[in-house]
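K.L.:
Provided herewith: upload.cif, mmCIF, C-alpha atoms.
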data_input
#
loop_
_atom_site.label_atom_id
_atom_site.label_comp_id
_atom_site.auth_asym_id
_atom_site.auth_seq_id
_atom_site.Cartn_x
_atom_site.Cartn_y
_atom_site.Cartn_z
CA MET A 870 -17.93 -12.83 -46.72
CA ALA A 871 -17.14 -9.13 -46.34
CA VAL A 872 -20.22 -8.74 -44.10
CA GLY A 873 -19.00 -11.60 -41.92
CA MET A 874 -15.60 -9.99 -41.52
CA ILE A 875 -17.22 -6.68 -40.49
CA LEU A 876 -19.47 -8.43 -37.96
CA ARG A 877 -16.52 -10.29 -36.44
CA ALA A 878 -14.56 -7.04 -36.19
CA LEU A 879 -17.49 -5.29 -34.49
CA ARG A 880 -18.00 -8.20 -32.09
CA SER A 881 -14.33 -8.13 -31.18
CA ARG A 882 -14.48 -4.39 -30.64
CA LEU A 883 -17.57 -4.55 -28.46
CA THR A 884 -16.23 -7.33 -26.25
CA SER A 885 -12.79 -5.83 -25.80
CA PRO A 886 -11.97 -4.50 -22.31
CA THR A 887 -11.38 -0.98 -23.61
CA ALA A 888 -14.65 -0.77 -25.52
CA SER A 889 -16.94 -0.52 -22.50
CA ARG A 890 -17.46 3.05 -21.38
CA TYR A 891 -18.90 2.02 -18.02
CA ILE A 892 -16.26 1.78 -15.31
CA SER A 893 -16.92 0.36 -11.87
CA THR A 894 -14.22 -0.27 -9.28
CA LEU A 895 -14.03 -2.41 -6.17
CA VAL A 896 -11.48 -1.20 -3.62
CA ILE A 897 -10.32 -3.88 -1.19
CA ALA A 898 -9.95 -1.97 2.06
CA GLU A 899 -8.10 -2.60 5.30
CA TYR A 900 -9.01 -1.08 8.63
CA ASP A 901 -7.47 -0.79 12.07
CA GLY A 902 -9.21 0.13 15.28
CA GLY A 903 -12.41 1.27 13.63
CA SER A 904 -10.73 3.46 10.99
CA VAL A 905 -9.92 2.81 7.35
CA LYS A 906 -6.19 2.93 6.64
CA SER A 907 -5.01 5.90 4.60
CA SER A 908 -3.43 3.59 2.01
CA CYS A 909 -6.94 2.40 1.11
CA ILE A 910 -8.09 5.99 0.62
CA SER A 911 -5.11 6.38 -1.72
CA ALA A 912 -6.58 3.46 -3.69
CA VAL A 913 -9.81 5.46 -4.02
CA VAL A 914 -7.82 8.45 -5.28
CA ALA A 915 -6.12 6.16 -7.81
CA ALA A 916 -9.48 4.84 -8.97
CA LYS A 917 -10.49 8.40 -9.84
CA SER A 918 -7.88 8.38 -12.64
CA LEU A 919 -9.55 5.41 -14.33
CA GLY A 920 -12.44 7.51 -15.64
CA ASP A 921 -14.78 10.36 -14.79
CA ASP A 922 -17.91 8.21 -14.44
CA ASN A 923 -16.30 5.64 -12.18
CA SER A 924 -18.58 4.03 -9.60
CA ILE A 925 -16.32 3.14 -6.64
CA SER A 926 -17.32 0.56 -4.04
CA MET A 927 -15.20 -0.02 -0.94
CA LEU A 928 -15.16 -3.52 0.57
CA LEU A 929 -14.62 -4.13 4.28
CA ALA A 930 -14.67 -7.55 5.89
CA GLY A 931 -14.24 -8.70 9.46
CA SER A 932 -16.36 -9.07 12.58
CA GLY A 933 -17.33 -7.17 15.70
CA PRO A 934 -18.00 -3.51 16.55
CA SER A 935 -14.73 -2.26 15.04
CA LEU A 936 -15.91 -3.40 11.59
CA GLN A 937 -19.09 -1.38 11.86
CA GLN A 938 -17.11 1.65 13.07
CA ALA A 939 -14.77 1.27 10.12
CA ALA A 940 -17.74 1.08 7.76
CA VAL A 941 -19.06 4.40 9.07
CA ASP A 942 -15.58 5.89 8.68
CA ALA A 943 -15.30 4.52 5.13
CA ALA A 944 -18.67 6.02 4.18
CA LYS A 945 -17.31 9.47 5.06
CA CYS A 946 -13.66 9.05 4.07
CA HIS A 947 -13.85 10.42 0.52
CA PRO A 948 -16.56 11.93 -1.72
CA LEU A 949 -15.66 9.52 -4.55
CA VAL A 950 -16.86 6.45 -2.61
CA SER A 951 -20.26 5.45 -4.04
CA GLN A 952 -21.02 2.72 -1.52
CA VAL A 953 -19.47 0.67 1.24
CA LEU A 954 -19.86 -3.10 1.21
CA VAL A 955 -19.57 -4.84 4.59
CA ALA A 956 -18.99 -8.59 5.02
CA ASP A 957 -19.53 -9.34 8.71
CA SER A 958 -18.51 -12.87 9.61
CA ASP A 959 -16.06 -14.66 11.88
CA LYS A 960 -14.57 -16.15 8.71
CA PHE A 961 -12.98 -12.72 8.10
CA LYS A 962 -11.88 -12.10 11.68
CA TYR A 963 -8.28 -12.50 10.54
CA PRO A 964 -6.89 -11.32 7.17
CA LEU A 965 -6.32 -14.75 5.65
CA ALA A 966 -6.09 -14.82 1.87
CA GLU A 967 -8.34 -17.83 1.21
CA PRO A 968 -11.69 -16.58 2.58
CA TRP A 969 -10.99 -13.03 1.41
CA ALA A 970 -10.25 -14.24 -2.12
CA LYS A 971 -13.47 -16.26 -2.23
CA LEU A 972 -15.38 -13.22 -1.03
CA VAL A 973 -13.96 -10.94 -3.72
CA GLU A 974 -14.54 -13.60 -6.39
CA SER A 975 -18.19 -13.86 -5.31
CA LEU A 976 -18.66 -10.09 -5.41
CA GLN A 977 -17.04 -9.90 -8.84
CA GLN A 978 -19.42 -12.52 -10.20
CA LYS A 979 -22.37 -10.55 -8.88
CA GLY A 980 -21.17 -7.01 -9.54
CA GLY A 981 -19.12 -7.41 -12.71
CA TYR A 982 -16.60 -4.74 -11.75
CA SER A 983 -14.30 -3.46 -14.46
CA HIS A 984 -11.43 -2.90 -11.98
CA ILE A 985 -10.36 -4.25 -8.59
CA ILE A 986 -7.79 -2.22 -6.67
CA ALA A 987 -5.84 -2.77 -3.45
CA ALA A 988 -2.99 -0.92 -1.82
CA SER A 989 0.43 -2.43 -2.35
CA SER A 990 0.74 -3.40 1.32
CA SER A 991 1.28 -6.79 2.90
CA PHE A 992 -2.52 -7.03 3.15
CA GLY A 993 -3.12 -6.25 -0.52
CA LYS A 994 -0.20 -8.34 -1.75
CA ASN A 995 -1.54 -11.30 0.22
CA ILE A 996 -5.06 -11.20 -1.17
CA LEU A 997 -4.99 -9.82 -4.72
CA PRO A 998 -2.82 -12.53 -6.38
CA ARG A 999 -5.12 -15.27 -5.10
CA VAL A 1000 -8.18 -13.40 -6.35
CA ALA A 1001 -6.50 -12.97 -9.73
CA ALA A 1002 -5.83 -16.70 -9.91
CA LEU A 1003 -9.48 -17.50 -9.12
CA LEU A 1004 -10.67 -15.07 -11.81
CA ASP A 1005 -7.97 -16.18 -14.28
CA VAL A 1006 -6.58 -12.70 -14.95
CA SER A 1007 -3.11 -11.18 -14.66
CA PRO A 1008 -2.76 -8.44 -12.02
CA ILE A 1009 -0.63 -5.33 -12.51
CA THR A 1010 1.35 -4.55 -9.38
CA ASP A 1011 2.96 -1.48 -7.79
CA VAL A 1012 1.23 1.03 -10.07
CA VAL A 1013 2.52 4.59 -9.58
CA GLU A 1014 0.61 6.36 -12.36
CA ILE A 1015 -2.66 5.76 -14.18
CA SER A 1016 -2.84 7.11 -17.73
CA GLY A 1017 -6.25 5.71 -18.63
CA SER A 1018 -8.66 2.94 -17.79
CA HIS A 1019 -6.24 0.30 -19.11
CA GLN A 1020 -2.83 2.01 -19.22
CA PHE A 1021 -0.56 2.17 -16.19
CA VAL A 1022 2.99 2.99 -15.14
CA ARG A 1023 4.93 0.81 -12.72
CA PRO A 1024 8.58 0.72 -11.61
CA ILE A 1025 10.95 -2.04 -12.70
CA TYR A 1026 14.58 -2.85 -11.94
CA ALA A 1027 14.19 -1.82 -8.29
CA GLY A 1028 12.77 1.54 -9.27
CA ASN A 1029 15.54 2.49 -11.69
CA ALA A 1030 13.16 2.47 -14.67
CA LEU A 1031 9.48 3.03 -15.27
CA CYS A 1032 7.44 0.71 -17.49
CA THR A 1033 4.19 1.67 -19.22
CA VAL A 1034 1.78 -1.29 -19.28
CA ARG A 1035 -1.41 -1.59 -21.31
CA TYR A 1036 -3.92 -4.15 -20.06
CA THR A 1037 -5.63 -6.09 -22.84
CA GLY A 1038 -7.04 -9.00 -20.84
CA ASP A 1039 -10.54 -9.85 -19.71
CA ARG A 1040 -12.41 -8.12 -16.93
CA PRO A 1041 -11.64 -7.29 -14.23
CA CYS A 1042 -8.41 -5.33 -14.52
CA MET A 1043 -6.69 -5.90 -11.16
CA LEU A 1044 -4.18 -3.46 -9.66
CA THR A 1045 -2.11 -2.88 -6.58
CA ILE A 1046 -1.09 0.76 -6.18
CA ARG A 1047 1.71 2.40 -4.27
CA SER A 1048 -0.10 4.68 -1.85
CA THR A 1049 2.81 7.14 -1.81
CA ALA A 1050 2.14 7.88 -5.50
CA PHE A 1051 -1.50 8.83 -4.85
CA PRO A 1052 -1.51 11.31 -1.95
CA VAL A 1053 -4.75 11.83 -0.07
CA SER A 1054 -6.14 15.35 0.13
CA ILE A 1055 -8.77 16.31 2.68
CA GLU A 1056 -12.07 16.67 0.85
CA ALA A 1057 -15.29 17.47 2.67
CA ARG A 1058 -18.27 15.20 2.08
CA SER A 1059 -21.80 16.53 2.44
CA GLU A 1060 -23.34 13.16 3.25
CA ALA A 1061 -22.11 9.63 3.91
CA ALA A 1062 -22.12 6.96 1.23
CA PRO A 1063 -24.67 4.16 1.68
CA ILE A 1064 -23.54 1.08 3.61
CA SER A 1065 -24.70 -2.35 2.36
CA GLN A 1066 -24.30 -5.70 4.06
CA VAL A 1067 -22.92 -8.44 1.81
CA ASP A 1068 -25.16 -11.51 1.57
CA LEU A 1069 -23.06 -14.38 2.90
CA SER A 1070 -25.79 -17.03 2.82
CA THR A 1071 -24.09 -18.81 -0.08
CA PHE A 1072 -20.64 -18.46 1.47
CA GLY A 1073 -20.47 -22.14 2.47
CA GLU A 1074 -18.16 -24.22 4.64
CA ASP A 1075 -16.20 -25.29 1.57
CA THR A 1076 -14.39 -21.94 1.86
CA VAL A 1077 -12.59 -23.02 5.03
CA SER A 1078 -8.94 -22.00 4.75
CA LYS A 1079 -6.09 -24.43 4.41
CA SER A 1080 -4.09 -21.96 6.45
CA SER A 1081 -4.86 -20.97 10.01
CA TYR A 1082 -4.24 -17.87 12.10
CA ILE A 1083 -1.53 -18.32 14.74
CA GLY A 1084 -0.99 -14.86 16.15
CA HIS A 1085 0.06 -11.29 15.53
CA SER A 1086 2.89 -9.46 17.23
CA SER A 1087 3.71 -5.78 17.00
CA GLN A 1088 5.47 -3.17 19.03
CA ASP A 1089 3.26 -0.80 21.00
CA SER A 1090 4.57 2.66 20.29
CA GLU A 1091 3.34 6.24 20.27
CA ARG A 1092 5.45 6.94 17.20
CA PRO A 1093 3.67 7.52 13.87
CA ASP A 1094 3.05 4.66 11.47
CA LEU A 1095 6.07 4.12 9.21
CA GLY A 1096 4.07 4.08 5.99
CA ASN A 1097 2.34 7.41 6.63
CA ALA A 1098 4.80 9.41 8.74
CA ARG A 1099 5.87 12.94 7.75
CA ILE A 1100 9.38 12.27 9.08
CA VAL A 1101 11.27 8.96 8.99
CA VAL A 1102 14.57 8.29 10.76
CA THR A 1103 16.32 5.18 9.44
CA GLY A 1104 19.30 3.26 10.73
CA GLY A 1105 21.51 0.81 8.86
CA ARG A 1106 24.12 -1.81 9.54
CA GLY A 1107 26.55 0.96 10.47
CA LEU A 1108 24.91 1.12 13.90
CA LYS A 1109 26.54 -2.28 14.64
CA SER A 1110 24.14 -3.48 17.37
CA ALA A 1111 20.57 -3.39 18.66
CA GLU A 1112 21.79 -1.39 21.66
CA ASN A 1113 23.24 1.31 19.42
CA PHE A 1114 20.02 1.39 17.39
CA LYS A 1115 18.30 2.92 20.43
CA MET A 1116 20.02 6.17 19.45
CA ILE A 1117 17.89 6.23 16.31
CA GLU A 1118 14.76 5.66 18.39
CA LYS A 1119 15.66 8.52 20.74
CA LEU A 1120 16.24 10.86 17.81
CA ALA A 1121 12.92 9.81 16.31
CA GLU A 1122 11.15 10.61 19.57
CA LYS A 1123 12.68 14.09 19.57
CA LEU A 1124 11.46 14.70 16.02
CA GLY A 1125 8.10 12.99 16.35
CA ALA A 1126 9.23 10.68 13.56
CA ALA A 1127 8.74 7.05 12.60
CA VAL A 1128 11.67 4.63 12.81
CA GLY A 1129 12.88 2.71 9.78
CA ALA A 1130 15.68 0.25 9.11
CA THR A 1131 17.55 -1.32 6.23
CA ARG A 1132 17.29 -4.99 5.43
CA ALA A 1133 20.83 -5.50 6.70
CA ALA A 1134 19.86 -4.04 10.08
CA VAL A 1135 16.74 -6.22 10.22
CA ASP A 1136 18.64 -9.38 9.22
CA ALA A 1137 21.21 -8.61 11.93
CA GLY A 1138 18.42 -8.58 14.51
CA PHE A 1139 18.70 -4.90 15.45
CA VAL A 1140 14.95 -4.29 14.95
CA PRO A 1141 11.86 -6.29 13.87
CA ASN A 1142 11.18 -6.66 10.15
CA GLU A 1143 8.05 -4.49 10.34
CA LEU A 1144 10.42 -1.50 10.32
CA GLN A 1145 12.20 -2.48 7.09
CA VAL A 1146 12.21 0.11 4.33
CA GLY A 1147 12.97 -1.01 0.78
CA GLN A 1148 11.92 -3.15 -2.12
CA THR A 1149 11.05 -6.09 0.14
CA GLY A 1150 9.88 -3.85 3.00
CA LYS A 1151 7.73 -0.75 3.16
CA ILE A 1152 7.65 1.95 0.51
CA VAL A 1153 7.75 5.40 2.11
CA ALA A 1154 7.71 8.97 0.81
CA PRO A 1155 7.86 11.29 3.83
CA GLU A 1156 8.56 15.01 3.78
CA LEU A 1157 11.89 14.33 5.51
CA TYR A 1158 13.89 11.10 5.37
CA MET A 1159 17.02 10.86 7.55
CA ALA A 1160 19.42 7.95 6.98
CA PHE A 1161 22.19 7.10 9.44
CA GLY A 1162 24.74 4.42 8.65
CA VAL A 1163 22.84 3.51 5.48
CA SER A 1164 25.03 2.66 2.50
CA GLY A 1165 22.23 3.05 -0.04
CA ALA A 1166 21.83 -0.40 -1.58
CA ILE A 1167 19.58 -0.38 -4.65
CA GLN A 1168 16.91 -2.42 -2.80
CA HIS A 1169 16.74 0.21 -0.06
CA LEU A 1170 16.66 3.17 -2.45
CA ALA A 1171 13.66 1.63 -4.18
CA GLY A 1172 11.67 2.11 -0.96
CA MET A 1173 12.53 5.74 -0.16
CA ARG A 1174 13.72 7.56 -3.29
CA ASP A 1175 10.40 9.47 -3.56
CA SER A 1176 10.96 11.23 -0.21
CA LYS A 1177 10.69 15.01 -0.50
CA VAL A 1178 13.98 15.75 1.34
CA ILE A 1179 16.67 13.13 2.03
CA VAL A 1180 19.40 13.65 4.61
CA ALA A 1181 22.23 11.10 4.79
CA VAL A 1182 25.01 10.62 7.35
CA ASN A 1183 27.72 8.08 6.59
CA LYS A 1184 31.44 7.88 7.24
CA ASP A 1185 32.02 6.58 3.69
CA GLY A 1186 31.99 9.53 1.33
CA ASP A 1187 31.50 7.22 -1.66
CA ALA A 1188 28.34 5.57 -0.28
CA PRO A 1189 25.56 5.40 -2.93
CA ILE A 1190 23.11 7.03 -0.53
CA PHE A 1191 24.79 10.40 -1.22
CA GLN A 1192 23.79 10.18 -4.89
CA VAL A 1193 20.11 10.57 -3.98
CA ALA A 1194 20.52 12.71 -0.83
CA ASP A 1195 19.58 16.38 -0.83
CA TYR A 1196 21.89 16.93 2.13
CA GLY A 1197 24.85 14.69 2.97
CA LEU A 1198 27.28 14.68 5.87
CA VAL A 1199 30.40 12.52 5.86
CA GLY A 1200 31.09 11.75 9.48
CA ASP A 1201 30.81 9.36 12.41
CA LEU A 1202 27.17 8.77 13.29
CA PHE A 1203 28.18 7.87 16.85
CA GLU A 1204 29.22 11.49 17.28
CA ILE A 1205 26.58 13.16 15.11
CA VAL A 1206 23.44 11.44 16.42
CA PRO A 1207 24.12 12.12 20.13
CA GLU A 1208 24.86 15.75 19.26
CA LEU A 1209 21.56 16.04 17.39
CA ILE A 1210 19.68 14.49 20.32
CA GLU A 1211 21.34 16.94 22.71
CA LYS A 1212 20.68 20.08 20.65
CA LEU A 1213 17.15 19.35 19.46
CA PRO A 1214 14.48 20.82 21.79
CA GLU A 1215 12.07 18.58 23.67
CA ARG A 1216 8.70 18.09 22.03
CA ASN A 1217 5.75 19.62 23.82
#
Before we go any further, please render this structure as structure tokens.
P.N.:
Amino acid sequence: MAVGMILRALRSRLTSPTASRYISTLVIAEYDGGSVKSSCISAVVAAKSLGDDNSISMLLAGSGPSLQQAAVDAAKCHPLVSQVLVADSDKFKYPLAEPWAKLVESLQQKGGYSHIIAASSSFGKNILPRVAALLDVSPITDVVEISGSHQFVRPIYAGNALCTVRYTGDRPCMLTIRSTAFPVSIEARSEAAPISQVDLSTFGEDTVSKSSYIGHSSQDSERPDLGNARIVVTGGRGLKSAENFKMIEKLAEKLGAAVGATRAAVDAGFVPNELQVGQTGKIVAPELYMAFGVSGAIQHLAGMRDSKVIVAVNKDGDAPIFQVADYGLVGDLFEIVPELIEKLPERN
């Protein structure tokens, strides 16, 4: 009887997710115009914290020449990438969750990865939950710190508290990470990682999506991407109209900055929702964050509180935004913004 108890204890220990020393990670990557997005490289940096002997594979899916260009870019993007997996098919022409989820499930069954990671972007948030449902595991979202292969830190209560989570479920452990918490440093790579084509011969017609692609609309702009910009200039409901919001855009052009907006400004129709910063928008952490007419609602602070320097301008001296601002100016933005635009030099 005692021997049986010992054997059961050993079996439980050996089959537990923390017992295996071998760590292998699949990073679900997104690309644009032949280049891997920096948020996906942040996911590779995050995977490094899982263990020293981590074998990291980066998955790209799509079709056409841009996919192959992105694969070459991914193979050189970071020295930690062990291999790049490429799924080239018209089924992945658009980032629909159903075919992507089936693809990741198939790769997991073949590769037996210990972890699957995606950036906490609209792309990652669309795909990872469906994959988790197919694999019958519980994902851990918005991870900002990795303390071990199965211990993570994530914000709760709109970023007002941090929660330490220990994963005790079956493989794989699935994560979405906040890219702002895992900054990318430029690291030279002596040679490119190998690129492998994913065998899609068994990827049958039964994987046809119940959803269909309608279209994609975005604003063509020379301004930096909001999620990766060094400087972000944000406007709130205090701007009162879409016409007035153009002041923010002019200031951003002078500074070479990205434009952001609060949910109130987006809901009022001042700007499209792709510019929303906050808990239900984009999470940013630029070197300089400038907020004009932003009250500082808790949902908005959750998306920008990690900025290095925060400058706030609001006519209400009691606005919550001043509690997190490094520099605050109580005044009328309709006087301050035009003065800034006038006095700032033109960019070369």
K.L.:
Leaving out Glu974 in chain A and any residue of its chain fewer than 4 positions from it, which residues lie within 7 Å of it when counting only C-alpha atoms, given as a list in words?
P.N.:
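My reading of the contact set: Ala970, Gln978, Val1000, Leu1003 and Leu1004 of chain A.
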K.L.:
Any chance you could resolve the PyMOL selection byres ((chain A and resi 1062) around 6) against this file and give the residues as a list in words?
P.N.:
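When the PyMOL selection byres ((chain A and resi 1062) around 6) is applied, the selected residues are Ala944, Ser951, Gln952, Ala1061 and Pro1063 of chain A.
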K.L.:
I want to know what sits within 10 Å of Asp921 in chain A, based on all atoms listed in the file, with residues of the same chain fewer than 5 positions away left out; could you give that as JSON, numbers by chain?
P.N.:
{"A": [891, 892, 916]}
K.L.:
Counting only C-alpha atoms, which residue out of A:Gln1066, A:Ser926, A:Gln977, A:Thr1131 sits closest to Arg1106 in chain A?
P.N.:
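Of the candidates, the smallest distance to Arg1106 in chain A is held by A:Thr1131.
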K.L.:
So that I can see what lies close to Ser907 in chain A, please list as an MDAnalysis selection string the residues with an atom at most 10 Å from it, counting only C-alpha atoms and leaving out residues fewer than 6 positions away in the same chain.
P.N.:
chainID A and resid 898:900 913 946 988 1048 1052:1053 1096:1097
K.L.:
Taking only residues of range 891-989 of chain A that have an atom at most 9 Å from an atom of range 1018-1035 of chain A, what is each one's shortest atom pair and its distance in Å to one decimal, using all atoms listed in the file, in chain and number order, as JSON lines?
P.N.:
{"residue": "A:Ile892", "atom": "CA", "partner": "A:Ser1018", "partner_atom": "CA", "distance": 8.1}
{"residue": "A:Ser918", "atom": "CA", "partner": "A:Ser1018", "partner_atom": "CA", "distance": 7.5}
{"residue": "A:Leu919", "atom": "CA", "partner": "A:Ser1018", "partner_atom": "CA", "distance": 4.3}
{"residue": "A:Gly920", "atom": "CA", "partner": "A:Ser1018", "partner_atom": "CA", "distance": 6.3}
{"residue": "A:His984", "atom": "CA", "partner": "A:Ser1018", "partner_atom": "CA", "distance": 8.7}
K.L.:
Which residues, protein or nucleic acid, reach to within 12 Å of (-9.0, -12.1, 2.4) in the file's coordinates when using all atoms listed in the file, and can you give that as a PyMOL selection string?
P.N.:
chain A and resi 897-899+928-931+956+958+960-974+987+991-1000+1076-1078+1080
K.L.:
Which residues match the PyMOL selection byres ((chain A and resi 1008-1015) around 6) in the file above, as a ChimeraX atom specification?
P.N.:
/A:1007,1016-1017,1021-1023,1043-1047,1050
K.L.:
On this file, the PyMOL selection byres ((chain A and resi 1213) around 12) gives some set of residues; write that set as a PyMOL selection string.
P.N.:
chain A and resi 1119-1125+1206-1212+1214-1216
K.L.:
For a quick check of understanding, using all atoms listed in the file, which of A:Gly903, A:Pro1041, A:Gly1200, A:Gly1129 has the smallest distance to Arg1092 in chain A?
P.N.:
A:Gly1129
K.L.:
Measuring between only C-alpha atoms, which one of A:Ser990, A:Leu1144, A:Thr1103, A:Cys909 shows the shortest distance to Ile1179 in chain A?
P.N.:
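Smallest separation from Ile1179 in chain A among the options: A:Thr1103.
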K.L.:
Considering all atoms listed in the file, can you say which of A:Ala1137, A:Ile1117, A:Ala1126, A:Ile925 comes closest to Arg1099 in chain A?
P.N.:
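Ranked by minimum distance to Arg1099 in chain A, first place goes to A:Ala1126.
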K.L.:
Within 7 Å of range 1160-1164 of chain A, counting only C-alpha atoms, which residues show up once you throw out same-chain ones fewer than 5 positions away? Write them as a list in words, please.
P.N.:
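Returned residues: Val1102, Thr1103, Gly1104, Gly1105, Arg1106, Gly1107, Leu1108, Val1180, Ala1181, Val1182, Asn1183, Ala1188, Pro1189, Ile1190 and Leu1202 of chain A.
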K.L.:
Give me, please, the distance in Å between CA of Val955 in chain A and CA of Lys979 in chain A, quoted to one decimal.
P.N.:
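Going from CA of Val955 in chain A over to CA of Lys979 in chain A covers 14.9 Å.
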K.L.:
Using only C-alpha atoms, which residues sit within 7 Å of Lys1177 in chain A once same-chain residues fewer than 6 positions away are excluded, as a list in words?
P.N.:
Ala1154, Pro1155, Glu1156 and Leu1157 of chain A
K.L.:
Which value, in Å to one decimal, gives the distance between CA of Leu949 in chain A and CA of Leu1069 in chain A?
P.N.:
26.1 Å
K.L.:
Nearest to Ala1111 in chain A: which of A:Phe1139, A:Ile1167, A:Val1128, A:Glu1091 is it, counting all atoms listed in the file?
P.N.:
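The answer is A:Phe1139, which sits nearest to Ala1111 in chain A.
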K.L.:
Quick one: pull the distance between CA of Val1193 in chain A and CA of Ser911 in chain A, Å, one decimal.
P.N.:
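The value is 25.7 Å.
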K.L.:
If you take every atom of range 945-954 of chain A that the file lists and fit an axis-aligned box around them with 4 Å extra on each side, what centre and edge lengths come out in Å to one decimal, as lines of an AutoDock Vina configuration file?
P.N.:
center_x = -17.3
center_y = 4.4
center_z = 0.3
size_x = 15.4
size_y = 23.0
size_z = 17.6
